[in-house]
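Text of data29.cif, listed as mmCIF, C-alpha atoms (C1' of nucleotides):
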```
data_input
#
loop_
_atom_site.label_atom_id
_atom_site.label_comp_id
_atom_site.auth_asym_id
_atom_site.auth_seq_id
_atom_site.Cartn_x
_atom_site.Cartn_y
_atom_site.Cartn_z
CA MET A 1 0.00 0.00 0.00
CA TYR A 2 2.73 2.46 0.95
CA ASN A 3 5.49 0.65 -0.91
CA THR A 4 7.47 -1.58 1.38
CA GLY A 5 9.93 -2.43 -1.37
CA MET A 6 13.33 -0.96 -2.12
CA SER A 7 12.17 2.61 -2.44
CA ALA A 8 14.15 5.13 -0.47
CA SER A 9 11.78 8.06 -0.72
CA PRO A 10 9.89 9.68 2.17
CA LEU A 11 6.46 8.38 3.07
CA PRO A 12 3.90 10.56 1.24
CA ARG A 13 1.52 13.08 2.79
CA ASP A 14 -1.36 10.60 2.39
CA PHE A 15 0.33 8.22 4.80
CA TYR A 16 0.17 10.82 7.57
CA ASP A 17 -3.18 12.28 6.58
CA ARG A 18 -5.12 9.48 8.28
CA PRO A 19 -6.41 8.76 11.79
CA VAL A 20 -3.50 8.94 14.22
CA LEU A 21 -3.94 5.37 15.51
CA ASP A 22 -3.62 4.02 11.97
CA VAL A 23 -0.52 6.09 11.37
CA ALA A 24 1.07 4.91 14.62
CA ARG A 25 0.48 1.27 13.75
CA GLY A 26 1.75 1.82 10.23
CA LEU A 27 4.98 3.40 11.42
CA LEU A 28 6.20 0.21 13.10
CA GLY A 29 9.01 -1.11 10.92
CA ALA A 30 9.38 2.08 8.91
CA ARG A 31 12.79 3.69 8.81
CA LEU A 32 13.43 7.05 10.46
CA VAL A 33 16.13 8.84 8.48
CA ARG A 34 18.27 11.81 9.52
CA MET A 35 20.51 13.32 6.86
CA GLU A 36 23.11 15.72 8.16
CA GLU A 37 26.13 17.05 6.33
CA GLY A 38 25.96 14.32 3.72
CA ARG A 39 25.83 11.48 6.19
CA ARG A 40 22.84 9.25 6.71
CA LEU A 41 21.67 8.09 10.12
CA SER A 42 18.65 5.82 10.46
CA GLY A 43 16.76 3.34 12.58
CA TRP A 44 13.73 1.11 12.27
CA ILE A 45 10.79 2.35 14.33
CA VAL A 46 9.85 -0.20 16.99
CA GLU A 47 7.78 1.84 19.46
CA CYS A 48 5.48 4.85 19.23
CA GLU A 49 2.43 6.43 20.84
CA ALA A 50 -0.63 8.29 19.57
CA TYR A 51 -1.88 11.60 21.01
CA ARG A 52 -5.25 12.71 19.72
CA GLY A 53 -7.24 15.90 20.07
CA GLU A 54 -7.97 18.49 22.74
CA GLU A 55 -10.11 16.01 24.64
CA ASP A 56 -7.14 13.67 25.13
CA GLN A 57 -5.92 14.82 28.56
CA ALA A 58 -2.47 13.40 27.85
CA CYS A 59 -2.08 15.41 24.64
CA HIS A 60 -0.22 18.72 24.72
CA ALA A 61 -3.16 20.20 22.81
CA ARG A 62 -5.46 19.63 25.81
CA ARG A 63 -5.00 23.35 26.59
CA GLY A 64 -5.87 24.27 23.02
CA ARG A 65 -3.75 26.01 20.47
CA THR A 66 -0.64 27.68 21.91
CA PRO A 67 2.69 28.68 20.39
CA ARG A 68 4.09 25.26 21.25
CA THR A 69 1.18 23.16 19.99
CA ALA A 70 0.54 25.15 16.81
CA VAL A 71 2.38 22.61 14.66
CA MET A 72 -0.01 19.86 15.75
CA TYR A 73 -2.88 21.85 14.25
CA GLY A 74 -1.09 22.18 10.93
CA PRO A 75 -0.90 19.87 7.93
CA ALA A 76 -0.11 16.17 8.33
CA GLY A 77 3.42 15.03 7.70
CA ARG A 78 5.26 17.70 9.64
CA ALA A 79 7.57 17.16 12.61
CA TYR A 80 6.48 18.31 16.06
CA VAL A 81 9.66 18.58 18.12
CA TYR A 82 9.45 19.83 21.68
CA PHE A 83 11.77 20.35 24.64
CA THR A 84 11.06 18.92 28.08
CA TYR A 85 12.61 18.31 31.50
CA GLY A 86 15.04 21.11 30.75
CA MET A 87 17.22 18.87 28.59
CA HIS A 88 15.39 16.48 26.28
CA TRP A 89 14.00 16.77 22.75
CA MET A 90 11.03 14.64 21.63
CA LEU A 91 10.08 13.89 18.03
CA ASN A 92 6.51 13.47 16.79
CA CYS A 93 4.82 13.13 13.39
CA VAL A 94 1.75 15.30 12.91
CA THR A 95 -1.25 13.44 11.49
CA GLY A 96 -4.42 14.56 9.77
CA PRO A 97 -6.76 16.12 9.24
CA GLU A 98 -5.43 19.67 9.19
CA GLY A 99 -6.95 21.73 11.98
CA PHE A 100 -7.27 18.71 14.28
CA PRO A 101 -4.35 18.35 16.71
CA ALA A 102 -2.91 14.82 16.68
CA ALA A 103 0.57 13.34 16.51
CA VAL A 104 2.61 10.19 16.96
CA LEU A 105 5.49 10.28 19.45
CA LEU A 106 8.44 8.19 18.27
CA ARG A 107 9.60 6.31 21.36
CA ALA A 108 12.20 3.88 20.09
CA VAL A 109 14.06 2.79 16.98
CA TRP A 110 16.55 0.04 16.29
CA PRO A 111 19.86 1.45 14.98
CA ALA A 112 20.45 0.92 11.27
CA GLU A 113 22.78 3.33 9.45
CA GLY A 114 25.33 5.61 11.05
CA ARG A 115 25.98 3.51 14.11
CA ALA A 116 29.43 4.96 14.66
CA VAL A 117 27.89 8.42 15.07
CA MET A 118 25.18 7.08 17.38
CA ALA A 119 27.77 5.33 19.50
CA GLU A 120 29.69 8.57 19.87
CA ARG A 121 26.59 10.59 20.80
CA ARG A 122 25.42 7.91 23.23
CA LYS A 123 28.88 7.55 24.69
CA GLY A 124 29.21 5.13 27.54
CA GLN A 125 25.96 3.35 26.75
CA PRO A 126 25.61 -0.18 25.34
CA PHE A 127 24.11 -0.75 21.89
CA ALA A 128 20.70 -1.66 23.31
CA ARG A 129 20.50 1.74 25.06
CA TRP A 130 21.40 3.92 22.08
CA THR A 131 17.89 4.60 20.81
CA ASP A 132 15.45 2.83 23.14
CA GLY A 133 13.76 5.97 24.47
CA PRO A 134 12.17 9.09 22.93
CA ALA A 135 14.93 11.42 24.09
CA LYS A 136 17.64 8.87 23.40
CA LEU A 137 16.73 8.53 19.73
CA THR A 138 16.68 12.29 19.18
CA GLN A 139 20.10 12.57 20.80
CA ALA A 140 21.53 9.71 18.73
CA LEU A 141 20.10 10.99 15.45
CA GLY A 142 20.75 14.68 16.06
CA VAL A 143 17.15 15.90 16.21
CA ASP A 144 16.36 19.12 18.07
CA GLY A 145 14.10 22.15 18.04
CA ALA A 146 15.54 23.44 14.79
CA LEU A 147 13.50 20.69 13.11
CA ASN A 148 10.18 21.65 14.67
CA GLY A 149 7.69 22.08 11.84
CA ALA A 150 9.94 20.39 9.28
CA ASP A 151 8.18 18.68 6.38
CA LEU A 152 8.76 14.93 6.67
CA CYS A 153 7.43 14.36 3.15
CA SER A 154 10.43 16.01 1.54
CA PRO A 155 14.15 15.31 1.97
CA ALA A 156 14.83 19.04 2.13
CA ALA A 157 14.97 19.38 5.91
CA GLY A 158 17.12 16.27 6.35
CA LEU A 159 14.50 14.38 8.36
CA TRP A 160 11.96 11.91 6.99
CA ILE A 161 10.56 8.38 7.32
CA GLU A 162 10.82 5.73 4.61
CA PRO A 163 8.85 2.56 4.05
CA ALA A 164 11.04 -0.35 5.07
CA LEU A 165 9.93 -3.38 7.08
CA THR A 166 6.39 -4.49 7.91
CA ALA A 167 5.69 -5.53 11.49
CA PRO A 168 3.58 -8.73 11.47
CA GLU A 169 0.34 -8.36 13.41
CA ALA A 170 1.33 -11.23 15.73
CA GLN A 171 4.38 -9.24 16.85
CA VAL A 172 2.61 -5.97 17.55
CA VAL A 173 1.66 -5.24 21.15
CA THR A 174 -0.44 -2.31 22.32
CA GLY A 175 -0.72 -0.89 25.82
CA PRO A 176 -1.09 2.28 27.87
CA ARG A 177 1.06 5.27 27.03
CA VAL A 178 4.11 5.87 29.19
CA GLY A 179 4.93 8.63 31.65
CA LEU A 180 1.57 10.36 31.76
CA GLY A 181 1.81 11.28 35.43
CA LYS A 182 -1.46 12.55 36.80
CA THR A 183 -3.41 12.25 33.55
CA PRO A 184 -6.95 11.10 34.48
CA GLU A 185 -8.89 8.12 33.23
CA PRO A 186 -9.73 7.02 30.68
CA TRP A 187 -6.83 8.69 28.90
CA VAL A 188 -4.12 7.22 31.07
CA SER A 189 -5.22 3.66 30.27
CA LEU A 190 -6.03 3.86 26.58
CA PRO A 191 -3.95 1.35 24.60
CA TRP A 192 -2.43 3.95 22.33
CA ARG A 193 1.17 2.73 22.64
CA PHE A 194 2.37 0.48 19.83
CA ARG A 195 5.40 -1.77 20.10
CA TRP A 196 6.99 -4.20 17.69
CA THR A 197 8.20 -7.07 19.85
CA ALA A 198 10.40 -8.65 17.19
CA ASP A 199 13.74 -9.82 18.46
CA LEU A 200 15.49 -8.18 15.54
CA ASP A 201 18.96 -8.96 16.71
CA GLY A 202 18.82 -11.44 19.54
CA GLY A 203 20.47 -8.70 21.55
CA GLN A 204 23.37 -8.06 19.22
CA PRO A 205 23.98 -5.62 16.35
"C1'" DA B 1 6.69 38.19 38.09
"C1'" DG B 2 6.29 33.88 40.17
"C1'" DC B 3 5.31 29.17 40.09
"C1'" DA B 4 4.58 24.03 39.39
"C1'" DC B 5 5.35 20.68 36.31
"C1'" DG B 6 6.78 17.87 32.49
"C1'" DA B 7 4.94 12.36 26.45
"C1'" DT B 8 12.80 11.59 30.45
"C1'" DT B 9 17.21 9.87 31.56
"C1'" DA B 10 21.17 8.28 34.19
"C1'" DA B 11 22.94 7.38 38.41
"C1'" DC B 12 22.29 5.84 42.69
"C1'" DT B 13 20.76 2.81 47.27
"C1'" DG C 1 13.20 0.94 44.33
"C1'" DT C 2 14.57 6.66 44.54
"C1'" DT C 3 16.23 11.08 42.91
"C1'" DA C 4 18.85 15.06 40.66
"C1'" DA C 5 19.43 17.38 36.49
"C1'" DT C 6 17.55 21.67 34.22
"C1'" DC C 7 14.45 25.13 31.70
"C1'" DG C 8 10.43 26.18 28.48
"C1'" DT C 9 5.65 26.42 28.83
"C1'" DG C 10 1.43 27.90 30.42
"C1'" DC C 11 -1.20 29.10 34.39
"C1'" DT C 12 -2.18 32.19 38.40
"C1'" DC C 13 -1.50 36.47 40.69
#
```

So, in terms of structure tokens, how does the structure I just supplied come out?
Amino acid sequence: MYNTGMSASPLPRDFYDRPVLDVARGLLGARLVRMEEGRRLSGWIVECEAYRGEEDQACHARRGRTPRTAVMYGPAGRAYVYFTYGMHWMLNCVTGPEGFPAAVLLRAVWPAEGRAVMAERRKGQPFARWTDGPAKLTQALGVDGALNGADLCSPAAGLWIEPALTAPEAQVVTGPRVGLGKTPEPWVSLPWRFRWTADLDGGQP
DNA sequence: AGCACGATTAACT
DNA sequence: GTTAATCGTGCTC
């Protein structure tokens, strides 16, 4: 449907311009690519979470449109990158339709290209810890606030997602989103976290 | 102007 | 299991 073959072009706008839960599921196995200064860094997406609408009390847009959340109200296929805990950057993909705030938080990837750079940026950490958290993957791939609002459907900004692998349904697990603190029910328990449980490596690169 | 808190991480007991 | 790090955001005064 979205070309899982050898193509190396960014996923099209139509991929993102769908309900956020569908996009989140569809991103498992896709390849997150960061191009910087001619070098290519990438990883296969293995975990992500959906945030949907102003009624979702876990979504940043619960307070409505603000300077920070404006990107979530924009067109599908753009990056929503935000800063938190005074030190961490988080990367999301905005989904459709335009005017409705929704996004997918990328929580974990499995390192593919550019491992030497990731190892340097994640110095002191073992391979399995390079990109297994939302702030870890942005650090390893060099994603920060300069990319907020970037168009993921074009290679121009140096950040996009390509079709790559397809996560078999039997290996996809859903569950509650992580780290929601005092978010009330039912939002805190909704199974809007998607994880590909494949043992891609058996623990080794 | 002041404040509490956060879609986290790493280090520690 | 606990906790410090560290600062932008958005709310309340």

Quiz item: Could you list, as a PyMOL selection string, every residue of chain A that has an atom within 8 Å of an atom of chain B, counting all atoms listed in the file?
Solution: chain A and resi 58-59+84-85+88+105+134-135+178-180

Exercise. Please return, as number ranges by chain, all residues of chain C lying within 9 Å of chain A when only C-alpha atoms (C1' of nucleotides) are considered.
Key: C: 5-10

Quiz item: Do you know which residues the PyMOL selection byres ((chain A and resi 45) around 9) returns on this file, as a PyMOL selection string?
Solution: chain A and resi 27-32+43-44+46-48+106-110+195-196

Just write the chosen residues, C-alpha atoms, as an mmCIF file, in the coordinates of the input.
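For reference, part37.cif as written:
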```cif
data_model
loop_
_atom_site.group_PDB
_atom_site.id
_atom_site.type_symbol
_atom_site.label_atom_id
_atom_site.label_comp_id
_atom_site.auth_asym_id
_atom_site.auth_seq_id
_atom_site.Cartn_x
_atom_site.Cartn_y
_atom_site.Cartn_z
ATOM 1 C CA LEU A 27 4.980 3.400 11.420
ATOM 2 C CA LEU A 28 6.200 0.210 13.100
ATOM 3 C CA GLY A 29 9.010 -1.110 10.920
ATOM 4 C CA ALA A 30 9.380 2.080 8.910
ATOM 5 C CA ARG A 31 12.790 3.690 8.810
ATOM 6 C CA LEU A 32 13.430 7.050 10.460
ATOM 7 C CA GLY A 43 16.760 3.340 12.580
ATOM 8 C CA TRP A 44 13.730 1.110 12.270
ATOM 9 C CA VAL A 46 9.850 -0.200 16.990
ATOM 10 C CA GLU A 47 7.780 1.840 19.460
ATOM 11 C CA CYS A 48 5.480 4.850 19.230
ATOM 12 C CA LEU A 106 8.440 8.190 18.270
ATOM 13 C CA ARG A 107 9.600 6.310 21.360
ATOM 14 C CA ALA A 108 12.200 3.880 20.090
ATOM 15 C CA VAL A 109 14.060 2.790 16.980
ATOM 16 C CA TRP A 110 16.550 0.040 16.290
ATOM 17 C CA ARG A 195 5.400 -1.770 20.100
ATOM 18 C CA TRP A 196 6.990 -4.200 17.690
#
```

Quiz item: Interatomic distance between atom CA of A:Arg121 and atom CA of A:Lys136?
Solution: 9.5 Å

Quiz item: Could you write out as an MDAnalysis selection string the residues that the PyMOL selection byres ((chain A and resi 21) around 9) matches in the shown file?
Solution: chainID A and resid 18:20 22:26 49:52 104 192

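With atom CA of A:Leu91 on one side and atom CA of A:Pro184 on the other, the separation reads 23.8 Å.
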
Quiz item: Just how far from atom CA of A:Val172 is atom CA of A:Asp151, in Å to one decimal?
Solution: 27.6 Å

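What the PyMOL selection byres ((chain A and resi 65) around 12) picks from this file is Gly53, Glu54, Cys59, His60, Ala61, Arg62, Arg63, Gly64, Thr66, Pro67, Arg68, Thr69, Ala70, Val71, Met72, Tyr73, Gly74, Gly99, Phe100, Pro101 and Ala102 of chain A; DG10 of chain C.
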
Practice problem: Would you list the contacts of A:Asp17 as a count of residues only, taking every protein, DNA or RNA residue within 6 Å and counting all atoms listed in the file, but skipping same-chain residues closer than 2 positions in sequence? | Solution: 6

Write out as JSON an axis-aligned box for stretch 2-13 of chain B: all of its atoms listed in the file, 3 Å added on each side, centre and edge lengths in Å with one decimal.
```
{"center_x": 13.8, "center_y": 18.3, "center_z": 36.9, "size_x": 24.4, "size_y": 37.1, "size_z": 26.8}
```

Quiz item: Using only C-alpha atoms, which of the listed residues (A:Leu159, A:Leu11, A:Ala140, A:Ala167) sits closest to A:Val117?
Solution: A:Ala140
